file model_21.txt (compact mmCIF, C-alpha atoms)
# COMPACT_ATOMS: atom_id res chain seq x y z
CA MET A 216 224.46 326.45 215.63
CA GLN A 217 222.56 324.54 218.29
CA ASN A 218 223.25 320.83 218.75
CA LEU A 219 219.94 319.00 218.82
CA SER A 220 219.48 315.38 219.80
CA PRO A 221 217.45 313.11 217.49
CA THR A 222 214.53 313.35 219.94
CA GLN A 223 214.68 317.15 220.04
CA ARG A 224 214.70 317.30 216.24
CA GLU A 225 211.85 314.79 216.00
CA ILE A 226 209.68 316.80 218.41
CA LEU A 227 210.55 320.13 216.77
CA LEU A 228 209.65 318.75 213.35
CA ALA A 229 206.33 317.33 214.61
CA LEU A 230 205.46 320.58 216.41
CA THR A 231 206.23 322.64 213.30
CA ASP A 232 204.17 320.41 211.03
CA LEU A 233 201.20 320.53 213.41
CA TYR A 234 201.44 324.32 213.69
CA ASN A 235 201.65 324.73 209.91
CA ARG A 236 198.49 322.68 209.44
CA GLN A 237 196.45 323.87 212.43
CA LYS A 238 197.54 327.53 212.44
CA ARG A 239 197.19 327.70 216.23
CA MET A 240 199.13 327.02 219.40
CA ILE A 241 199.89 323.30 219.77
CA LYS A 242 199.50 321.26 222.95
CA SER A 243 202.27 318.94 224.10
CA LYS A 244 199.79 316.03 224.08
CA GLU A 245 199.15 316.56 220.37
CA VAL A 246 202.86 316.24 219.65
CA ALA A 247 203.10 313.20 221.94
CA ASP A 248 200.21 311.48 220.13
CA ILE A 249 201.82 312.09 216.73
CA ILE A 250 205.25 310.67 217.57
CA GLY A 251 204.14 308.04 220.09
CA LYS A 252 206.09 309.34 223.08
CA ASP A 253 205.08 310.09 226.67
CA GLU A 254 203.59 313.57 227.09
CA GLY A 255 205.81 314.34 230.06
CA THR A 256 208.90 313.56 228.01
CA VAL A 257 207.65 315.71 225.14
CA ARG A 258 206.91 318.61 227.48
CA ASN A 259 210.42 318.46 228.95
CA ILE A 260 212.02 318.37 225.51
CA ILE A 261 209.89 321.31 224.34
CA LEU A 262 211.09 323.30 227.35
CA SER A 263 214.68 322.61 226.29
CA LEU A 264 213.82 323.80 222.77
CA LYS A 265 212.32 326.95 224.29
CA VAL A 266 215.61 327.63 226.08
CA LEU A 267 217.37 327.36 222.70
CA GLY A 268 215.01 329.95 221.22
CA LEU A 269 213.30 327.47 218.90
CA VAL A 270 209.87 327.41 220.57
CA GLU A 271 207.52 330.04 222.00
CA SER A 272 204.79 329.28 224.53
CA LYS A 273 201.53 330.79 225.73
CA PRO A 274 199.86 329.82 229.02
CA GLY A 275 196.15 329.27 229.58
CA PRO A 276 193.35 327.10 228.13
CA ASN A 277 193.99 328.40 224.61
CA GLY A 278 197.73 328.34 225.02
CA GLY A 279 200.36 325.93 223.84
CA TYR A 280 203.53 326.01 221.80
CA MET A 281 204.63 327.31 218.41
CA PRO A 282 207.94 327.24 216.50
CA THR A 283 209.99 330.42 216.15
CA LEU A 284 211.48 331.81 212.96
CA LYS A 285 214.80 330.37 214.10
CA ALA A 286 213.20 326.90 214.15
CA TYR A 287 211.98 327.30 210.58
CA GLU A 288 215.47 328.30 209.47
CA ILE A 289 217.00 325.20 211.05
CA ILE A 290 214.37 322.86 209.57
CA SER A 291 214.23 324.32 206.05
CA ASN A 292 217.94 324.93 205.46
CA PRO A 293 219.91 321.67 205.07
CA THR A 294 223.17 323.49 205.87
CA LEU A 295 221.75 324.31 209.29
CA THR A 296 220.53 320.84 210.16
CA PRO A 297 221.70 320.36 213.75
CA ILE A 298 223.40 317.13 214.72
CA LEU A 299 225.18 315.80 217.74
CA ASP A 300 228.78 314.68 217.84
CA LYS A 301 227.54 311.84 220.06
CA LEU A 302 224.91 309.52 218.59
CA ASN A 303 222.04 307.92 220.47
CA LEU A 304 221.99 304.13 220.56
CA TYR A 305 218.63 302.47 219.87
CA LYS A 306 217.58 299.15 221.38
CA GLY A 307 215.18 297.87 218.75
CA MET A 308 213.05 300.94 218.05
CA ILE A 309 213.49 302.41 221.56
CA GLU A 310 215.93 305.27 222.01
CA THR A 311 218.27 304.70 224.96
CA ASP A 312 220.30 307.24 226.93
CA ILE A 313 223.52 305.51 225.84
CA LYS A 314 225.64 307.85 223.69
CA VAL A 315 228.09 306.61 221.06
CA GLU A 316 231.34 308.60 221.10
CA ASN A 317 233.34 306.62 218.56
CA ILE A 318 232.83 303.84 216.00
CA GLU A 319 235.61 301.49 214.95
CA ILE A 320 234.92 298.97 212.19
CA ILE A 321 236.78 295.69 212.74
CA ASP A 322 236.97 292.47 210.71
CA ILE A 323 235.97 294.47 207.64
CA THR A 324 237.69 291.95 205.33
CA ASN A 325 236.10 288.95 207.01
CA PRO A 326 233.74 287.38 204.41
CA SER A 327 231.56 285.71 207.06
CA ALA A 328 231.02 288.54 209.56
CA ASN A 329 231.71 292.20 210.30
CA ARG A 330 231.87 293.80 213.70
CA VAL A 331 232.01 297.32 215.07
CA LEU A 332 233.50 298.47 218.36
CA LEU A 333 231.51 301.28 219.95
CA LYS A 334 233.00 303.59 222.54
CA VAL A 335 230.04 304.84 224.56
CA GLU A 336 228.89 306.64 227.68
CA GLY A 337 225.87 305.68 229.76
CA ASP A 338 224.52 302.74 231.73
CA LEU A 339 225.35 299.53 229.82
CA ARG A 340 223.33 297.45 232.28
CA LYS A 341 220.30 298.35 230.20
CA LEU A 342 221.67 296.12 227.42
CA LYS A 343 222.39 292.40 227.27
CA ILE A 344 224.16 290.05 224.86
CA GLY A 345 221.98 289.37 221.83
CA ASP A 346 220.02 292.65 221.93
CA ALA A 347 219.26 294.20 218.54
CA VAL A 348 220.72 297.72 218.40
CA ARG A 349 220.89 300.53 215.87
CA LEU A 350 222.74 303.82 215.56
CA GLY A 351 222.91 306.60 213.02
CA PRO A 352 222.71 308.29 210.68
CA THR A 353 226.21 309.52 211.50
CA PRO A 354 227.24 313.06 210.54
CA TYR A 355 228.59 313.60 207.03
CA SER A 356 228.74 309.93 205.94
CA ARG A 357 225.13 309.41 207.18
CA LEU A 358 225.90 305.82 208.06
CA VAL A 359 223.24 303.62 209.70
CA ILE A 360 224.44 300.49 211.50
CA GLU A 361 222.20 297.67 212.74
CA GLY A 362 223.31 294.52 214.53
CA LEU A 363 223.34 292.33 217.62
CA VAL A 364 225.31 292.96 220.81
CA LEU A 365 228.20 290.49 221.07
CA HIS A 366 230.09 291.90 224.04
CA LEU A 367 229.60 294.51 226.76
CA ASP A 368 232.31 296.04 228.93
CA GLU A 369 230.94 298.37 231.61
CA ASN A 370 234.42 299.29 232.86
CA SER A 371 235.85 300.41 229.53
CA LYS A 372 232.44 301.54 228.23
CA GLU A 373 232.71 299.50 225.05
CA ILE A 374 230.19 297.51 223.05
CA VAL A 375 231.00 295.05 220.28
CA VAL A 376 228.21 294.69 217.71
CA ASP A 377 227.82 291.95 215.11
CA VAL A 378 226.78 293.99 212.06
CA LYS A 379 223.71 292.74 210.20
CA ARG A 380 223.17 295.84 208.09
CA MET A 381 225.29 298.88 207.28
CA ILE A 382 223.84 301.57 205.01
CA SER A 383 225.03 304.99 203.92
CA ILE A 384 222.10 307.28 203.12
CA PRO A 385 223.02 309.52 200.16
CA LYS A 386 222.48 313.27 200.13
CA GLU A 387 219.62 313.61 197.66
CA LYS A 388 216.87 316.18 197.26
CA VAL A 389 213.29 314.93 197.43
CA LYS A 390 212.48 316.32 193.97
CA ASN A 391 214.99 313.88 192.46
CA LEU A 392 213.09 310.91 193.94
CA ILE A 393 209.73 311.61 192.31
CA SER A 394 209.25 308.75 189.89
CA LYS A 395 205.91 309.63 188.29
CA LYS A 396 204.10 312.71 187.06
CA LEU A 397 201.59 314.15 189.50
CA ILE A 398 198.13 312.66 189.17
CA ALA A 399 195.51 314.63 191.10
CA LEU A 400 191.85 313.95 191.84
CA LYS A 401 188.88 316.27 192.31
CA PRO A 402 186.67 316.07 195.42
CA GLU A 403 183.58 315.35 193.33
CA THR A 404 185.20 312.49 191.40
CA SER A 405 183.54 309.13 192.08
CA LEU A 406 185.55 306.42 193.78
CA ARG A 407 184.87 304.13 190.82
CA GLU A 408 186.53 306.64 188.50
CA ALA A 409 189.36 307.16 190.98
CA SER A 410 190.01 303.41 191.13
CA MET A 411 190.20 303.30 187.33
CA ILE A 412 192.71 306.18 187.35
CA PHE A 413 194.81 304.38 189.96
CA TYR A 414 194.80 301.21 187.86
CA LYS A 415 195.60 303.00 184.59
CA GLU A 416 198.44 305.08 186.09
CA ALA A 417 199.75 302.23 188.31
CA ILE A 418 199.61 304.35 191.46
CA ARG A 419 198.23 303.73 194.94
CA GLY A 420 197.52 307.28 196.06
CA ALA A 421 196.87 310.80 194.79
CA PRO A 422 196.26 314.27 196.23
CA VAL A 423 192.81 315.80 196.02
CA ILE A 424 192.78 319.36 194.63
CA ASN A 425 189.72 321.63 194.50
CA LYS A 426 188.76 324.15 191.82
CA ASP A 427 190.94 326.80 193.50
CA GLU A 428 193.99 324.54 193.00
CA LYS A 429 194.23 324.00 196.75
CA VAL A 430 195.15 320.61 198.17
CA VAL A 431 192.25 319.49 200.37
CA GLY A 432 193.10 315.85 200.95
CA ILE A 433 194.71 312.64 199.78
CA LEU A 434 193.11 309.38 198.64
CA THR A 435 194.73 305.95 198.64
CA THR A 436 193.73 302.50 197.47
CA ALA A 437 193.12 301.59 201.13
CA ASP A 438 190.43 304.31 201.30
CA ILE A 439 188.75 302.96 198.16
CA ILE A 440 188.83 299.39 199.48
CA LYS A 441 187.26 300.59 202.73
CA ALA A 442 184.42 302.32 200.86
CA PHE A 443 183.67 299.30 198.68
CA PHE A 444 183.88 297.00 201.71
CA GLU A 445 181.24 299.19 203.37
CA GLY A 446 179.09 298.92 200.24
CA ASN A 447 179.38 302.61 199.30
CA TYR A 448 179.84 302.02 195.57
CA THR A 449 178.54 305.48 194.61
CA ALA A 450 180.71 307.42 197.08
CA LYS A 451 182.82 310.38 196.00
CA VAL A 452 186.48 311.06 196.66
CA SER A 453 185.58 313.73 199.24
CA ASP A 454 183.65 311.12 201.26
CA TYR A 455 186.71 308.97 201.98
CA MET A 456 189.80 311.12 201.41
CA LYS A 457 192.09 311.91 204.33
CA THR A 458 192.27 315.63 205.02
CA ASN A 459 195.47 315.36 207.07
CA VAL A 460 198.01 315.63 204.24
CA ILE A 461 201.67 315.28 205.25
CA SER A 462 203.87 317.25 202.87
CA ILE A 463 207.52 318.05 202.27
CA ASN A 464 209.33 320.70 200.26
CA GLU A 465 210.95 319.50 197.04
CA ASN A 466 214.34 320.85 198.12
CA GLU A 467 214.40 318.99 201.43
CA ASP A 468 216.69 316.03 201.89
CA LEU A 469 215.91 312.33 201.46
CA LEU A 470 216.72 311.85 205.14
CA ASP A 471 214.04 314.39 206.11
CA ALA A 472 211.52 312.43 204.02
CA ILE A 473 212.44 309.21 205.83
CA ARG A 474 212.06 310.88 209.23
CA LYS A 475 208.65 312.32 208.33
CA MET A 476 207.37 308.98 207.09
CA ILE A 477 208.50 307.30 210.30
CA ILE A 478 207.13 310.05 212.57
CA TYR A 479 203.70 310.12 210.92
CA ASN A 480 203.62 306.43 209.97
CA VAL A 481 202.77 307.15 206.32
CA GLY A 482 204.00 305.61 203.10
CA ARG A 483 203.87 308.72 200.91
CA LEU A 484 204.46 312.47 201.18
CA LEU A 485 203.02 315.23 199.02
CA VAL A 486 205.88 317.21 197.48
CA LEU A 487 205.48 321.01 197.32
CA ASP A 488 207.54 323.63 195.48
CA SER A 489 208.64 326.97 196.92
CA ASN A 490 205.18 328.39 196.19
CA ASN A 491 203.49 325.55 198.11
CA LYS A 492 202.15 324.13 194.86
CA ALA A 493 201.90 320.33 194.64
CA VAL A 494 204.45 318.99 192.15
CA GLY A 495 204.46 315.27 192.95
CA ILE A 496 204.36 312.49 195.49
CA VAL A 497 207.35 310.68 196.96
CA THR A 498 206.60 307.21 198.26
CA ARG A 499 208.37 304.75 200.49
CA THR A 500 208.93 302.64 197.38
CA ASP A 501 210.68 305.55 195.66
CA ILE A 502 213.07 305.85 198.59
CA LEU A 503 213.67 302.11 198.90
CA ARG A 504 214.33 301.89 195.18
CA SER A 505 217.04 304.53 195.48
CA ILE A 506 218.76 302.87 198.43
CA ALA A 507 219.29 299.14 198.15
CA GLY A 508 218.64 297.26 201.36
CA LEU A 509 216.98 300.09 203.30
CA GLU A 510 213.76 298.14 203.86
CA GLY A 511 214.88 297.00 207.31
CA LEU A 512 214.75 300.55 208.68
CA TRP A 513 210.96 300.51 208.33
CA THR A 514 210.33 297.17 210.00
CA SER A 515 213.06 296.83 212.59
call {"tool": "encode", "arguments": {"input": "model_21.txt", "output": "structure tokens"}}
result
Amino acid sequence: MQNLSPTQREILLALTDLYNRQKRMIKSKEVADIIGKDEGTVRNIILSLKVLGLVESKPGPNGGYMPTLKAYEIISNPTLTPILDKLNLYKGMIETDIKVENIEIIDITNPSANRVLLKVEGDLRKLKIGDAVRLGPTPYSRLVIEGLVLHLDENSKEIVVDVKRMISIPKEKVKNLISKKLIALKPETSLREASMIFYKEAIRGAPVINKDEKVVGILTTADIIKAFFEGNYTAKVSDYMKTNVISINENEDLLDAIRKMIIYNVGRLLVLDSNNKAVGIVTRTDILRSIAGLEGLWTS
């Protein structure tokens, strides 16, 4: 099993999603735009994925990159999810090249404060006292730790962190997080009718499915508000729906749903069964409701 860094996994996931939707070779710039990273960095990471046999490439104007069958196996099978023994340390939302080798929880019985001692490798001069840092999820326990740097020791390669938040993300399939029955709209439905459906069902978004039972888009309350703000009171769902629908398989893990929402900056994912049929929507609220105190991961 290959060991992939969080950045490698993020780029592989974005590349695979783009390829699934576009059905063509994907440019490195497209991946970079999706995940908000420098194109040069993305290109270098893709080359490392190619070496691992997870990506194929084609040169030329119509060329680009595509995931291999091996990549699909790693992404779709939770038992093959690659992780590193050493975790990346994040400064705010920026991934650093500092690797965490060991975590020791200290002062765990102290009612006023908890601290962790991190044994790391890398250049600690990139950090300073008071910096907000984050690491995780850790393997197996899937622990996420957030806090402020209290002490740095370049010689012993140790960091002491004042813990502000410590969360263990449970192993849960996406299908178990769906809180409501699937409400779908038709492209020809008026936005007025769609807004009434949203109000009646207490939802803020729904997939748009055509007469062939194919998902062609997604509509949210923000889209309806935009239409009414523009004075298009007679508009149809197809006029304002988003055609770029981010989906996830019902048997994928909660952690995969979190990663997709962060990568694509969306608050909901369309849930598909093994036959690629829409069976529900999982929202950020559904995830936050299942994990008390996780809100900070979205805003930190």
call {"tool": "atom_distance", "arguments": {"input": "model_21.txt", "atom1": "CA of Lys273 (chain A)", "atom2": "CA of Arg239 (chain A)"}}
result
10.9 Å
call {"tool": "residues_around", "arguments": {"input": "model_21.txt", "residues": "Leu332 (chain A)", "least_positions_apart": "6", "cutoff": "7 Å", "atoms": "all atoms listed in the file", "output": "number ranges by chain"}}
result
A: 318-320, 373-376
call {"tool": "atom_distance", "arguments": {"input": "model_21.txt", "atom1": "CA of Lys372 (chain A)", "atom2": "CA of Leu339 (chain A)"}}
result
7.5 Å
call {"tool": "residues_around", "arguments": {"input": "model_21.txt", "residues": "Lys390 (chain A)", "least_positions_apart": "3", "cutoff": "8 Å", "atoms": "all atoms listed in the file", "output": "list in words"}}
result
Ile393, Glu465, Asn466 and Val486 of chain A
call {"tool": "atom_distance", "arguments": {"input": "model_21.txt", "atom1": "CA of Ile382 (chain A)", "atom2": "CA of Ile473 (chain A)"}}
result
13.7 Å
call {"tool": "closest_residue", "arguments": {"input": "model_21.txt", "among": "A:Ser453, A:Ser371, A:Gly279, A:Thr500", "to": "Met476 (chain A)", "atoms": "all atoms listed in the file"}}
result
A:Thr500
call {"tool": "closest_residue", "arguments": {"input": "model_21.txt", "among": "A:Val331, A:Ala417, A:Ile289, A:Val359", "to": "Glu467 (chain A)", "atoms": "all atoms listed in the file"}}
result
A:Ile289
call {"tool": "build_atoms", "arguments": {"input": "model_21.txt", "residues": "region 226-248 of chain A", "atoms": "N, CA and C atoms", "output": "CSV table (one decimal), in the frame of the given file"}}
result
chain,number,residue,atom,x,y,z
A,226,ILE,N,210.8,316.1,217.8
A,226,ILE,CA,209.7,316.8,218.4
A,226,ILE,C,209.5,318.2,217.8
A,227,LEU,N,210.6,318.8,217.4
A,227,LEU,CA,210.6,320.1,216.8
A,227,LEU,C,209.9,320.0,215.4
A,228,LEU,N,210.2,319.0,214.7
A,228,LEU,CA,209.6,318.8,213.4
A,228,LEU,C,208.2,318.5,213.5
A,229,ALA,N,207.8,317.6,214.4
A,229,ALA,CA,206.3,317.3,214.6
A,229,ALA,C,205.6,318.6,215.0
A,230,LEU,N,206.1,319.4,216.0
A,230,LEU,CA,205.5,320.6,216.4
A,230,LEU,C,205.3,321.6,215.3
A,231,THR,N,206.3,321.7,214.4
A,231,THR,CA,206.2,322.6,213.3
A,231,THR,C,205.2,322.2,212.3
A,232,ASP,N,205.2,320.9,212.0
A,232,ASP,CA,204.2,320.4,211.0
A,232,ASP,C,202.8,320.6,211.5
A,233,LEU,N,202.5,320.3,212.8
A,233,LEU,CA,201.2,320.5,213.4
A,233,LEU,C,200.8,322.0,213.4
A,234,TYR,N,201.7,322.9,213.7
A,234,TYR,CA,201.4,324.3,213.7
A,234,TYR,C,201.1,324.8,212.3
A,235,ASN,N,201.9,324.3,211.3
A,235,ASN,CA,201.6,324.7,209.9
A,235,ASN,C,200.3,324.3,209.4
A,236,ARG,N,199.8,323.2,209.9
A,236,ARG,CA,198.5,322.7,209.4
A,236,ARG,C,197.3,323.2,210.3
A,237,GLN,N,197.5,323.4,211.6
A,237,GLN,CA,196.4,323.9,212.4
A,237,GLN,C,196.4,325.4,212.6
A,238,LYS,N,197.5,326.1,212.3
A,238,LYS,CA,197.5,327.5,212.4
A,238,LYS,C,197.1,328.0,213.8
A,239,ARG,N,197.5,327.3,214.9
A,239,ARG,CA,197.2,327.7,216.2
A,239,ARG,C,198.3,327.1,217.2
A,240,MET,N,198.2,327.6,218.4
A,240,MET,CA,199.1,327.0,219.4
A,240,MET,C,198.9,325.5,219.6
A,241,ILE,N,200.0,324.8,219.7
A,241,ILE,CA,199.9,323.3,219.8
A,241,ILE,C,200.2,322.8,221.2
A,242,LYS,N,199.3,321.9,221.6
A,242,LYS,CA,199.5,321.3,223.0
A,242,LYS,C,200.6,320.2,222.9
A,243,SER,N,201.2,320.0,224.0
A,243,SER,CA,202.3,318.9,224.1
A,243,SER,C,201.7,317.6,223.9
A,244,LYS,N,200.4,317.3,224.3
A,244,LYS,CA,199.8,316.0,224.1
A,244,LYS,C,199.6,315.7,222.6
A,245,GLU,N,199.3,316.8,221.8
A,245,GLU,CA,199.2,316.6,220.4
A,245,GLU,C,200.5,316.1,219.7
A,246,VAL,N,201.6,316.7,220.2
A,246,VAL,CA,202.9,316.2,219.6
A,246,VAL,C,203.2,314.8,220.1
A,247,ALA,N,202.9,314.5,221.4
A,247,ALA,CA,203.1,313.2,221.9
A,247,ALA,C,202.3,312.1,221.2
A,248,ASP,N,201.0,312.4,220.9
A,248,ASP,CA,200.2,311.5,220.1
A,248,ASP,C,200.8,311.2,218.7
